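Peer 1: Here it is, the structure, as structure tokens.
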There are 2 protein chains.
Amino acid sequence: MFQPVAYAPAYLRVSEAIRARILRRELAEGEALPTETELARQFEVNRSTVREALRKLESAGLLGRRRGGKRLYVTRPTREAVGGGLSQALALHRARVIDVWEALQAVQPGIAAAAATRRSKAALAKLTAAAGRYAACKGERQAAVTEVAAFFDALAEAAANPVFMLLNEPMLRLLKPSLAEIIDRVPQARARIEAAQREIVAAVAARDAKAAAEWMTRHTRDFRRGYEVAGIDLATEVAEAPVASAVS
Amino acid sequence: MFQPVAYAPAYLRVSEAIRARILRRELAEGEALPTETELARQFEVNRSTVREALRKLESAGLLGRRRGGKRLYVTRPTREAVGGGLSQALALHRARVIDVWEALQAVQPGIAAAAATRRSKAALAKLTAAAGRYAACKGERQAAVTEVAAFFDALAEAAANPVFMLLNEPMLRLLKPSLAEIIDRVPQARARIEAAQREIVAAVAARDAKAAAEWMTRHTRDFRRGYEVAGIDLATEVAEAPVASAVS
DNA sequence: GGCATCATATTGTCGGACAATCAGACACGC
DNA sequence: GCGTGTCTGATTGTCCGACAATATGATGCC
């Protein structure tokens with residue numbers, strides 16, 4: 001019958017006002033925000049209130065600080081920021097390894113196909129380099145995992161689609177721990193990954209979308225196989241490590 | 001040679017400490033947080049500092065308030081919260097309609113296939129109901145768009161994969177405006193959507209993953225065709241509307 | 001032009017204050 | 001019993017004022 005009567009505390013109204021101006025690009029990226037005192041004067045609220053509003057925008061990734069700097073600058077959310085939020089949410093929603101893998105399986109072939117059709121020469125070079133770096137890092141388990149992720153990232157970059165680039169981050173972040181186990185425990189994993197990457201690179205180089213998607217499908221299916229061989233329970237819940245900088 | 005010496009302001013350390021406990025599930029969902037004064041006492045910081053920390057967690061969706069309530073409760077990020085962050089980020093990254101569509105195209109067939117394999121009886125009923133509601137809403141453009149989105153959501157729910165459920169939100173949110181235009185301007189759009197939904201429902205009911213994916217591919221391809229017929233420039237940047245509750 | 005020096009502005013944090021209002025207890029009338 | 005007033009205490013939202021640490025920008029010097 002009746003709508004709940006709208007009310008929003010001042011810190012929310014302030015943060016929304018600033019957010020709106022950023023989204024409307026009236027505050028351009030890289031621009032410095034006015035000082036807290038100045039904002040307080042303009043909004044006619046106390047500086048403490050302004051600060052609460054700023055904290056919200058800061059954690060949304062819309063405002064950031066330059067290394068060691070004092071002032072806040074308008075930024076756009078980095079992949080890491082978005083990915084952190086998403087993977088944190090997934091961890092709390094009790095997403096399992098199999099769920100994330102399934103999403104990977106669904107998205108990556110599309111990314112590979114898009115990359116094959118649109119890749120620029122520079123992007124192809126980066127992709128090739130990423131595959132090379134993976135092949136090069138024998139032994140070090142952690143480095144290998146990082147490079148596998150870097151390969152996916154390079155592919156998304158070649159697809160030149162910001163949606164893909166943002167989606168990659170959280171999925172890889174959540175899969176990394178289990179990936180490390182696979183590489184440790186499945187002897188043939190390294191060779192298979194290397195081969196798949198080689199084929200994908202070749203398909204992308206040849207602008208062959210179909211082949212790229214196909215090899216990517218095999219590549220991700222290999223991961224699944226790896227889970228089974230490594231004896232990782234697919235129903236394990238993924239975990240999000242708390243930010244390291246929080247060492248109190 | 002040397003790492004930058006770590007330093008984090010108190011409000012950050014406090015917010016990370018609370019965040020960590022939530023992620024470790026030491027603070028269970030639904031539990032009420034201690035009062036601000038109590039937190040200030042425990043962390044040995046000022047209440048203002050605690051409040052800044054709380055604002056961060058609040059906008060990350062980890063803390064929420066019950067309607068009209070005062071206390072903060074531990075919550076997990078809702079689809080809307082996550083989707084809002086993601087779509088906002090995409091808007092700032094100048095994602096275009098075609099980019100989001102491409103992602104939709106990549107993900108939805110996978111979702112449909114998963115839904116077909118795993119759907120429960122209840123989920124199937126919901127999906128059928130969603131398709132029915134879409135077919136029912138003749139005329140009202142806005143309602144139709146909402147129902148199209150609801151259909152995708154019901155499908156993701158049938159797939160019982162939190163990753164898919166969270167990914168749907170931002171994509172649909174960003175596509176809604178252009179979807180509305182299609183439905184307005186392309187006469188045959190309604191019928192085609194209805195037909196595709198019917199086929200997808202049938203495939204899911206029959207647990208036919210392949211057919212479900214296939215029909216979904218056609219369904220999304222139809223959207224693309226709709227853009228062209230409606231004369232929507234595929235390179236249009238998607239826009240994220242600022243939160244409505246921010247009416248000052 | 002590049003570099004050391006210094007004054008100023010700005011942030012991070014604190015303490016205290018007060019109004020609004022939410023939650024729970026309690027009594028009252030039907 | 002259930003819905004309705006009334007009261008009290010606790011809690012949040014907001015303000016004010018203060019101060020140390022330090023980033024920023026101007027200044028002068030070579």
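Chains: A, B, ... in order of the structure tokens. Residues: from 1 per chain. Ligands: from 1, in order shown.
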Based on DSSP run over this structure's backbone, return all residues of region 37-202 of chain A in strand (DSSP E), as a PyMOL selection string.
Peer 2: chain A and resi 63-65+72-74
Peer 1: For the residues in that selection, give me N, CA and C atoms as a CSV table (one decimal), in the first residue's frame.
Peer 2:
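Final output, saved to part.csv:
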```csv
chain,number,residue,atom,x,y,z
A,63,LEU,N,37.8,6.1,-5.8
A,63,LEU,CA,38.8,7.1,-5.4
A,63,LEU,C,40.1,6.3,-5.0
A,64,GLY,N,41.2,6.9,-5.2
A,64,GLY,CA,42.4,6.2,-4.8
A,64,GLY,C,43.5,7.2,-4.5
A,65,ARG,N,44.6,6.7,-3.9
A,65,ARG,CA,45.7,7.6,-3.5
A,65,ARG,C,46.9,7.2,-4.3
A,72,LEU,N,43.3,12.5,-2.5
A,72,LEU,CA,42.6,11.5,-3.2
A,72,LEU,C,42.4,11.9,-4.6
A,73,TYR,N,42.5,10.9,-5.5
A,73,TYR,CA,42.3,11.1,-6.9
A,73,TYR,C,41.1,10.3,-7.5
A,74,VAL,N,40.5,10.7,-8.5
A,74,VAL,CA,39.4,9.9,-9.1
A,74,VAL,C,40.1,8.8,-9.9
```
Peer 1: Pick out the chain A residues within 7 Å of chain D. Count only C-alpha atoms (C1' of nucleotides). Give them as a list in words.
Peer 2: Asn46, Gly69 and Lys70 of chain A
Peer 1: With 12 Å as the limit and counting only C-alpha atoms (C1' of nucleotides), what residues in chain B lie close to chain C? Please list them as number ranges by chain.
Peer 2: B: 8-12, 40, 44-50, 52, 66-71
Peer 1: Using only C-alpha atoms and a distance of at most 6 Å, pull out the residues of chain B that contact chain A, as an mmCIF file with N, CA and C atoms, in the first residue's frame.
Peer 2:
```cif
data_model
loop_
_atom_site.group_PDB
_atom_site.id
_atom_site.type_symbol
_atom_site.label_atom_id
_atom_site.label_comp_id
_atom_site.auth_asym_id
_atom_site.auth_seq_id
_atom_site.Cartn_x
_atom_site.Cartn_y
_atom_site.Cartn_z
ATOM 1 N N ARG B 13 43.240 -0.764 9.056
ATOM 2 C CA ARG B 13 43.573 -1.952 9.838
ATOM 3 C C ARG B 13 42.336 -2.489 10.527
ATOM 4 N N GLU B 16 40.085 -4.185 7.942
ATOM 5 C CA GLU B 16 40.637 -5.463 7.514
ATOM 6 C C GLU B 16 40.489 -6.517 8.602
ATOM 7 N N ALA B 20 38.477 -9.833 7.856
ATOM 8 C CA ALA B 20 39.107 -11.144 7.975
ATOM 9 C C ALA B 20 38.243 -12.074 8.816
ATOM 10 N N GLU B 52 34.618 4.992 10.159
ATOM 11 C CA GLU B 52 35.196 4.976 8.816
ATOM 12 C C GLU B 52 35.421 3.538 8.354
ATOM 13 N N ARG B 55 32.096 1.993 7.328
ATOM 14 C CA ARG B 55 31.591 2.453 6.035
ATOM 15 C C ARG B 55 32.208 1.641 4.902
ATOM 16 N N LYS B 56 33.482 1.315 5.029
ATOM 17 C CA LYS B 56 34.134 0.521 3.986
ATOM 18 C C LYS B 56 33.459 -0.835 3.846
ATOM 19 N N SER B 59 29.976 -0.681 2.315
ATOM 20 C CA SER B 59 29.849 -0.539 0.868
ATOM 21 C C SER B 59 30.414 -1.753 0.147
ATOM 22 N N PRO B 77 27.448 -10.315 0.490
ATOM 23 C CA PRO B 77 27.112 -9.369 -0.572
ATOM 24 C C PRO B 77 25.965 -9.900 -1.420
ATOM 25 N N ALA B 89 32.008 -0.440 -12.561
ATOM 26 C CA ALA B 89 33.376 -0.538 -13.062
ATOM 27 C C ALA B 89 33.382 -0.635 -14.585
ATOM 28 N N ALA B 95 33.046 0.182 -21.310
ATOM 29 C CA ALA B 95 32.571 -1.015 -22.000
ATOM 30 C C ALA B 95 31.437 -0.616 -22.933
ATOM 31 N N ASP B 99 30.463 -5.253 -26.200
ATOM 32 C CA ASP B 99 31.305 -6.003 -25.265
ATOM 33 C C ASP B 99 30.453 -6.820 -24.304
ATOM 34 N N ALA B 106 28.912 -15.470 -24.547
ATOM 35 C CA ALA B 106 29.874 -16.484 -24.128
ATOM 36 C C ALA B 106 29.359 -17.290 -22.937
ATOM 37 N N VAL B 107 28.706 -16.606 -21.997
ATOM 38 C CA VAL B 107 28.357 -17.277 -20.750
ATOM 39 C C VAL B 107 27.040 -18.036 -20.799
ATOM 40 N N GLY B 110 26.607 -21.792 -21.642
ATOM 41 C CA GLY B 110 27.133 -22.631 -20.570
ATOM 42 C C GLY B 110 26.159 -22.735 -19.414
ATOM 43 N N ASN B 161 24.608 -22.548 -9.517
ATOM 44 C CA ASN B 161 26.017 -22.169 -9.465
ATOM 45 C C ASN B 161 26.105 -20.692 -9.096
ATOM 46 N N PRO B 162 26.611 -20.407 -7.899
ATOM 47 C CA PRO B 162 26.646 -19.007 -7.444
ATOM 48 C C PRO B 162 27.440 -18.103 -8.379
ATOM 49 N N PRO B 242 23.157 6.148 -11.594
ATOM 50 C CA PRO B 242 23.453 6.316 -10.177
ATOM 51 C C PRO B 242 22.281 5.793 -9.351
ATOM 52 N N ALA B 246 19.511 8.075 -3.932
ATOM 53 C CA ALA B 246 20.376 9.205 -3.617
ATOM 54 C C ALA B 246 19.712 10.545 -3.914
#
```
Peer 1: Between CA of Thr117 (chain B) and CA of Asp208 (chain B), what is the distance, to one decimal in Å?
Peer 2: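 Between CA of Thr117 (chain B) and CA of Asp208 (chain B) the gap works out to 7.0 Å.
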Peer 1: Extract, using only C-alpha atoms (C1' of nucleotides), all DNA, RNA and protein residues at most 7 Å from Ala130 (chain A), discarding same-chain residues fewer than 3 positions from it, and format them as number ranges by chain.
Peer 2: A: 126-127, 133-134, 147, 150-151
Peer 1: For C-alpha atoms, I'd like the residues from the last selection saved as a PDB file, in the first residue's frame.
Peer 2:
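So part_18.pdb came out as:
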```
ATOM      1  CA  LYS A 126      52.157 -10.328 -25.580  1.00  0.00           C
ATOM      2  CA  LEU A 127      50.262 -13.582 -25.702  1.00  0.00           C
ATOM      3  CA  ARG A 133      57.272 -17.351 -19.878  1.00  0.00           C
ATOM      4  CA  TYR A 134      55.139 -20.242 -18.731  1.00  0.00           C
ATOM      5  CA  GLU A 147      52.064 -17.499 -15.533  1.00  0.00           C
ATOM      6  CA  ALA A 150      48.942 -14.309 -17.013  1.00  0.00           C
ATOM      7  CA  PHE A 151      48.243 -16.313 -20.157  1.00  0.00           C
TER       8      PHE A 151
END
```
